[in-house]
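Trainee: For reference, this is final03.txt, and it has compact mmCIF, N, CA and C atoms and all ligand atoms.
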# COMPACT_ATOMS: atom_id res chain seq x y z
N MET A 1 104.66 97.62 131.45
CA MET A 1 104.30 96.30 130.94
C MET A 1 105.55 95.42 130.95
N SER A 2 105.41 94.28 131.56
CA SER A 2 106.59 93.40 131.65
C SER A 2 106.63 92.44 130.46
N LYS A 3 107.81 91.98 130.18
CA LYS A 3 108.00 91.05 129.07
C LYS A 3 107.30 89.72 129.39
N PRO A 4 106.46 89.22 128.46
CA PRO A 4 105.76 87.95 128.74
C PRO A 4 106.74 86.80 128.89
N LYS A 5 106.40 85.90 129.79
CA LYS A 5 107.25 84.73 130.00
C LYS A 5 106.95 83.67 128.94
N VAL A 6 107.96 82.98 128.51
CA VAL A 6 107.79 81.92 127.53
C VAL A 6 107.44 80.63 128.26
N GLY A 7 106.31 80.04 127.90
CA GLY A 7 105.88 78.80 128.54
C GLY A 7 106.80 77.64 128.21
N SER A 8 106.77 76.65 129.03
CA SER A 8 107.67 75.51 128.84
C SER A 8 107.34 74.70 127.60
N ASN A 9 106.11 74.85 127.09
CA ASN A 9 105.72 74.07 125.91
C ASN A 9 105.97 74.81 124.60
N VAL A 10 106.58 75.99 124.67
CA VAL A 10 106.84 76.77 123.46
C VAL A 10 108.21 76.41 122.91
N HIS A 11 108.22 76.07 121.64
CA HIS A 11 109.48 75.71 120.99
C HIS A 11 110.12 76.96 120.40
N ILE A 12 111.27 77.33 120.87
CA ILE A 12 111.96 78.50 120.35
C ILE A 12 112.90 78.05 119.25
N PRO A 13 112.73 78.59 118.04
CA PRO A 13 113.60 78.18 116.92
C PRO A 13 115.06 78.45 117.23
N THR A 14 115.90 77.52 116.89
CA THR A 14 117.34 77.69 117.12
C THR A 14 118.10 77.82 115.81
N SER A 15 117.40 77.67 114.68
CA SER A 15 118.03 77.81 113.38
C SER A 15 116.96 78.18 112.36
N TYR A 16 117.38 78.57 111.16
CA TYR A 16 116.43 78.85 110.09
C TYR A 16 115.50 77.67 109.88
N ASP A 17 116.08 76.47 109.89
CA ASP A 17 115.29 75.29 109.54
C ASP A 17 114.18 75.01 110.55
N SER A 18 114.31 75.50 111.77
CA SER A 18 113.26 75.24 112.76
C SER A 18 112.30 76.41 112.90
N MET A 19 112.45 77.43 112.06
CA MET A 19 111.51 78.56 112.10
C MET A 19 110.22 78.22 111.37
N PHE A 20 109.15 78.93 111.73
CA PHE A 20 107.84 78.64 111.17
C PHE A 20 107.60 79.47 109.92
N PHE A 21 108.56 79.50 109.03
CA PHE A 21 108.43 80.29 107.82
C PHE A 21 108.57 79.38 106.61
N GLY A 22 108.19 79.95 105.45
CA GLY A 22 108.47 79.26 104.20
C GLY A 22 107.46 78.22 103.82
N ALA A 23 107.57 77.80 102.58
CA ALA A 23 106.58 76.88 102.02
C ALA A 23 106.53 75.55 102.76
N SER A 24 107.67 75.11 103.30
CA SER A 24 107.70 73.80 103.94
C SER A 24 106.86 73.77 105.20
N ASN A 25 106.55 74.94 105.77
CA ASN A 25 105.77 74.97 107.00
C ASN A 25 104.29 75.26 106.77
N GLY A 26 103.92 75.56 105.52
CA GLY A 26 102.52 75.75 105.21
C GLY A 26 101.86 76.85 106.03
N VAL A 27 102.51 77.99 106.14
CA VAL A 27 101.98 79.04 107.01
C VAL A 27 101.21 80.10 106.23
N GLY A 28 100.92 79.87 104.98
CA GLY A 28 100.24 80.87 104.16
C GLY A 28 98.94 81.32 104.79
N CYS A 29 98.61 82.59 104.60
CA CYS A 29 97.40 83.15 105.21
C CYS A 29 96.14 82.64 104.53
N LEU A 30 96.20 82.45 103.23
CA LEU A 30 95.01 82.04 102.50
C LEU A 30 95.09 80.55 102.20
N PRO A 31 94.02 79.81 102.47
CA PRO A 31 94.07 78.36 102.35
C PRO A 31 93.92 77.83 100.93
N THR A 32 93.52 78.69 100.01
CA THR A 32 93.33 78.23 98.64
C THR A 32 94.17 79.06 97.68
N VAL A 33 94.22 78.61 96.46
CA VAL A 33 94.97 79.33 95.43
C VAL A 33 94.51 80.79 95.39
N ASN A 34 95.48 81.71 95.48
CA ASN A 34 95.10 83.12 95.57
C ASN A 34 95.81 83.97 94.54
N SER A 35 96.24 83.37 93.45
CA SER A 35 96.93 84.14 92.43
C SER A 35 95.96 84.90 91.52
N GLY A 36 94.67 84.61 91.64
CA GLY A 36 93.69 85.19 90.72
C GLY A 36 93.61 86.70 90.76
N PHE A 37 93.84 87.29 91.94
CA PHE A 37 93.72 88.74 92.04
C PHE A 37 95.07 89.44 91.95
N ARG A 38 96.11 88.68 91.66
CA ARG A 38 97.46 89.25 91.63
C ARG A 38 97.65 90.12 90.39
N THR A 39 98.35 91.25 90.55
CA THR A 39 98.68 92.13 89.44
C THR A 39 100.15 91.98 89.05
N PHE A 40 101.00 91.82 90.07
CA PHE A 40 102.43 91.68 89.82
C PHE A 40 102.94 90.37 90.41
N HIS A 41 104.05 89.88 89.90
CA HIS A 41 104.68 88.69 90.47
C HIS A 41 106.20 88.93 90.54
N PRO A 42 106.87 88.27 91.47
CA PRO A 42 108.31 88.49 91.63
C PRO A 42 109.14 87.66 90.65
N VAL A 43 110.18 88.29 90.14
CA VAL A 43 111.15 87.59 89.29
C VAL A 43 112.52 87.73 89.95
N PHE A 44 113.20 86.62 90.13
CA PHE A 44 114.46 86.60 90.87
C PHE A 44 115.65 86.63 89.91
N ASP A 45 116.65 87.41 90.26
CA ASP A 45 117.92 87.39 89.55
C ASP A 45 118.87 86.52 90.36
N TYR A 46 119.00 85.29 89.95
CA TYR A 46 119.79 84.34 90.73
C TYR A 46 121.30 84.63 90.66
N ASP A 47 121.71 85.45 89.72
CA ASP A 47 123.14 85.80 89.63
C ASP A 47 123.56 86.71 90.78
N THR A 48 122.63 87.51 91.29
CA THR A 48 122.99 88.42 92.38
C THR A 48 122.44 87.97 93.74
N CYS A 49 121.60 86.96 93.75
CA CYS A 49 121.06 86.44 95.02
C CYS A 49 122.19 85.83 95.85
N ILE A 50 122.19 86.16 97.14
CA ILE A 50 123.22 85.64 98.04
C ILE A 50 122.63 84.60 99.01
N ASN A 51 121.40 84.17 98.74
CA ASN A 51 120.73 83.17 99.58
C ASN A 51 120.69 83.57 101.05
N CYS A 52 120.35 84.82 101.30
CA CYS A 52 120.31 85.31 102.68
C CYS A 52 119.04 84.89 103.41
N ASN A 53 118.03 84.42 102.67
CA ASN A 53 116.75 83.95 103.23
C ASN A 53 115.78 85.05 103.63
N MET A 54 116.11 86.30 103.43
CA MET A 54 115.22 87.38 103.89
C MET A 54 113.86 87.33 103.18
N CYS A 55 113.85 87.06 101.90
CA CYS A 55 112.57 86.97 101.18
C CYS A 55 111.74 85.82 101.74
N TRP A 56 112.38 84.73 102.00
CA TRP A 56 111.72 83.54 102.54
C TRP A 56 111.12 83.83 103.92
N ILE A 57 111.83 84.57 104.73
CA ILE A 57 111.36 84.90 106.07
C ILE A 57 110.18 85.87 106.02
N TYR A 58 110.27 86.87 105.15
CA TYR A 58 109.26 87.93 105.15
C TYR A 58 108.01 87.61 104.34
N CYS A 59 108.05 86.69 103.41
CA CYS A 59 106.87 86.41 102.58
C CYS A 59 105.69 86.03 103.47
N PRO A 60 104.62 86.82 103.45
CA PRO A 60 103.49 86.56 104.34
C PRO A 60 102.69 85.33 103.95
N GLU A 61 102.87 84.84 102.74
CA GLU A 61 102.13 83.66 102.29
C GLU A 61 102.91 82.37 102.48
N GLY A 62 104.17 82.49 102.84
CA GLY A 62 104.96 81.27 102.99
C GLY A 62 105.08 80.50 101.70
N CYS A 63 105.05 81.21 100.58
CA CYS A 63 105.02 80.51 99.29
C CYS A 63 106.38 80.49 98.60
N ILE A 64 107.44 80.88 99.32
CA ILE A 64 108.79 80.78 98.75
C ILE A 64 109.44 79.50 99.27
N ASP A 65 109.84 78.68 98.34
CA ASP A 65 110.45 77.39 98.67
C ASP A 65 111.96 77.48 98.42
N ARG A 66 112.76 77.08 99.39
CA ARG A 66 114.21 77.17 99.22
C ARG A 66 114.85 75.77 99.24
N SER A 67 114.00 74.75 99.16
CA SER A 67 114.51 73.38 99.31
C SER A 67 115.40 72.94 98.15
N SER A 68 115.30 73.62 97.00
CA SER A 68 116.14 73.23 95.87
C SER A 68 117.52 73.88 95.92
N GLY A 69 117.72 74.77 96.90
CA GLY A 69 119.00 75.46 97.00
C GLY A 69 118.93 76.88 96.47
N ARG A 70 117.81 77.21 95.83
CA ARG A 70 117.58 78.59 95.44
C ARG A 70 116.11 78.92 95.66
N MET A 71 115.81 80.20 95.76
CA MET A 71 114.46 80.62 96.11
C MET A 71 113.52 80.44 94.92
N GLU A 72 112.45 79.72 95.14
CA GLU A 72 111.46 79.52 94.08
C GLU A 72 110.07 79.79 94.66
N VAL A 73 109.25 80.51 93.91
CA VAL A 73 107.93 80.92 94.39
C VAL A 73 106.85 80.01 93.81
N ASP A 74 105.96 79.57 94.67
CA ASP A 74 104.77 78.86 94.20
C ASP A 74 103.77 79.93 93.76
N MET A 75 103.67 80.14 92.45
CA MET A 75 102.85 81.22 91.92
C MET A 75 101.36 81.01 92.14
N ASP A 76 100.96 79.80 92.49
CA ASP A 76 99.55 79.58 92.80
C ASP A 76 99.16 80.34 94.07
N TYR A 77 100.12 80.55 94.96
CA TYR A 77 99.81 81.14 96.26
C TYR A 77 100.41 82.53 96.45
N CYS A 78 101.31 82.94 95.57
CA CYS A 78 101.88 84.30 95.65
C CYS A 78 100.78 85.31 95.34
N LYS A 79 100.62 86.29 96.23
CA LYS A 79 99.59 87.31 95.99
C LYS A 79 100.16 88.58 95.39
N GLY A 80 101.47 88.59 95.12
CA GLY A 80 102.07 89.73 94.44
C GLY A 80 102.24 90.97 95.29
N CYS A 81 102.38 90.80 96.59
CA CYS A 81 102.45 91.96 97.48
C CYS A 81 103.77 92.73 97.34
N GLY A 82 104.83 92.05 96.92
CA GLY A 82 106.11 92.74 96.72
C GLY A 82 106.96 92.89 97.96
N ILE A 83 106.53 92.29 99.07
CA ILE A 83 107.32 92.40 100.30
C ILE A 83 108.68 91.76 100.13
N CYS A 84 108.73 90.64 99.42
CA CYS A 84 110.02 89.97 99.19
C CYS A 84 110.98 90.92 98.48
N ALA A 85 110.49 91.61 97.46
CA ALA A 85 111.34 92.54 96.70
C ALA A 85 111.78 93.70 97.57
N HIS A 86 110.88 94.18 98.42
CA HIS A 86 111.20 95.31 99.30
C HIS A 86 112.27 94.92 100.30
N GLU A 87 112.21 93.71 100.82
CA GLU A 87 113.13 93.30 101.88
C GLU A 87 114.45 92.75 101.37
N CYS A 88 114.53 92.43 100.11
CA CYS A 88 115.77 91.84 99.57
C CYS A 88 116.92 92.84 99.67
N PRO A 89 117.99 92.51 100.40
CA PRO A 89 119.09 93.46 100.58
C PRO A 89 119.90 93.67 99.31
N LYS A 90 119.82 92.74 98.38
CA LYS A 90 120.59 92.85 97.13
C LYS A 90 119.74 93.39 95.99
N LYS A 91 118.47 93.64 96.27
CA LYS A 91 117.54 94.16 95.25
C LYS A 91 117.57 93.30 93.98
N CYS A 92 117.55 92.00 94.19
CA CYS A 92 117.59 91.11 93.04
C CYS A 92 116.22 90.50 92.73
N ILE A 93 115.16 91.03 93.35
CA ILE A 93 113.81 90.61 93.02
C ILE A 93 113.11 91.79 92.35
N THR A 94 112.58 91.55 91.16
CA THR A 94 111.85 92.59 90.43
C THR A 94 110.39 92.18 90.33
N MET A 95 109.50 93.12 90.65
CA MET A 95 108.07 92.84 90.50
C MET A 95 107.64 93.17 89.08
N VAL A 96 107.13 92.16 88.41
CA VAL A 96 106.77 92.29 87.00
C VAL A 96 105.27 92.10 86.86
N ARG A 97 104.65 92.89 86.02
CA ARG A 97 103.20 92.78 85.83
C ARG A 97 102.86 91.41 85.25
N ASP A 98 101.85 90.77 85.78
CA ASP A 98 101.43 89.46 85.28
C ASP A 98 101.14 89.54 83.77
N GLY A 99 101.58 88.53 83.08
CA GLY A 99 101.37 88.49 81.65
C GLY A 99 102.54 89.03 80.87
N GLU A 100 103.50 89.66 81.58
CA GLU A 100 104.69 90.19 80.88
C GLU A 100 105.84 89.21 81.06
S1 LIG A 201 105.16 88.90 96.21
FE1 LIG A 201 104.44 88.64 98.34
S2 LIG A 201 103.36 86.69 98.34
FE2 LIG A 201 104.60 86.72 96.47
S3 LIG A 201 106.53 85.71 97.02
FE3 LIG A 201 106.83 87.91 97.34
S4 LIG A 201 106.33 88.26 99.52
FE4 LIG A 201 105.48 86.25 98.91
S1 LIG A 202 116.27 88.29 99.90
FE1 LIG A 202 117.25 88.57 97.89
S2 LIG A 202 119.38 87.97 98.23
FE2 LIG A 202 118.21 87.18 99.94
S3 LIG A 202 117.64 85.08 99.35
FE3 LIG A 202 115.94 86.40 98.73
S4 LIG A 202 116.38 86.94 96.59
FE4 LIG A 202 118.29 86.16 97.46
Write the structure described by the file as structure tokens, please.
Mentor:
Amino acid sequence: MSKPKVGSNVHIPTSYDSMFFGASNGVGCLPTVNSGFRTFHPVFDYDTCINCNMCWIYCPEGCIDRSSGRMEVDMDYCKGCGICAHECPKKCITMVRDGE
């Protein structure tokens, strides 16, 4: 199987800002508020966060916003999957049961 060719109309991201990730790009899988079935939610330790963007890149809902200079989650759209916590290289995201 050969590597597919990239068409001339495909925009290849050249920086984080041009990638199709994160809240600013609206790439969430679910079109409506989906926090209703969530059991856990992520809590960030900003003292150990190094702003590497890995959580922002991996979040499947695109609900992590980094526009303020630190990672903030739109809890209306976070489904509590914990992927951000799993991928964080500094382990500064803790999944906490909703209501705690
Ligand atoms: S728990 Fe899942 S949906 Fe919520 S911010 Fe982390 S990766 Fe995104
Ligand atoms: S993955 Fe962890 S260290 Fe990187 S930006 Fe997210 S919270 Fe911060």
Trainee: So how far away is atom CA of Gly69 of chain A from atom CA of Gly36 of chain A, in Å?
Mentor: 27.8 Å
Trainee: Take the point (102.3, 83.5, 93.5) as written in the file and pick out every residue within 9 Å of it, counting only C-alpha atoms; give the list as a ChimeraX atom specification.
Mentor: /A:33-35,38,40-42,61,63-64,73-80
Trainee: Within 6 Å of ligand LIG 202 (chain A), which residues show up when you count only N, CA and C atoms and all ligand atoms? List them as a list in words, please.
Mentor: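 Going residue by residue within 6 Å of ligand LIG 202 (chain A), we get Thr48, Cys49, Ile50, Asn51, Cys52, Asn53, Met54, Cys55, Trp56, Glu87, Cys88, Pro89, Lys90, Lys91, Cys92 and Ile93 of chain A.
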Trainee: What does the structure give for the distance between atom N of Ser15 of chain A and atom C of Cys84 of chain A, in Å to one decimal?
Mentor: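 Calculated distance between atom N of Ser15 of chain A and atom C of Cys84 of chain A is 21.9 Å.
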Trainee: If you run DSSP on this backbone, which residues of segment 26-83 of chain A come out as strand (DSSP E or B), and could you give them as a PyMOL selection string?
Mentor: chain A and resi 40-44+64-65+72-73
Trainee: Enclose all atoms of ligand LIG 201 (chain A) listed in the file in an axis-aligned box, grow every side by 8 Å, and hand back centre and edge lengths in Å to one decimal, as lines of an AutoDock Vina configuration file.
Mentor:
center_x = 105.1
center_y = 87.3
center_z = 97.9
size_x = 19.5
size_y = 19.2
size_z = 19.3
Trainee: Please determine, counting only C-alpha atoms and all ligand atoms, which residue among A:Cys81, A:Asp17, A:Asp47, A:Arg70 has the shortest atom-to-atom distance to ligand LIG 201 (chain A).
Mentor: A:Cys81
Trainee: For each of A:Phe37, A:Tyr16, A:Phe44, A:Tyr58, take the minimum atom-to-atom distance to ligand LIG 201 (chain A), counting all atoms listed in the file, then give the residue where this is smallest.
Mentor: A:Tyr58
Trainee: Would you work out the distance separating atom CA of Asp45 of chain A from atom N of Thr94 of chain A, expressed in Å to one decimal?
Mentor: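 Spanning atom CA of Asp45 of chain A to atom N of Thr94 of chain A is a straight-line distance of 7.0 Å.
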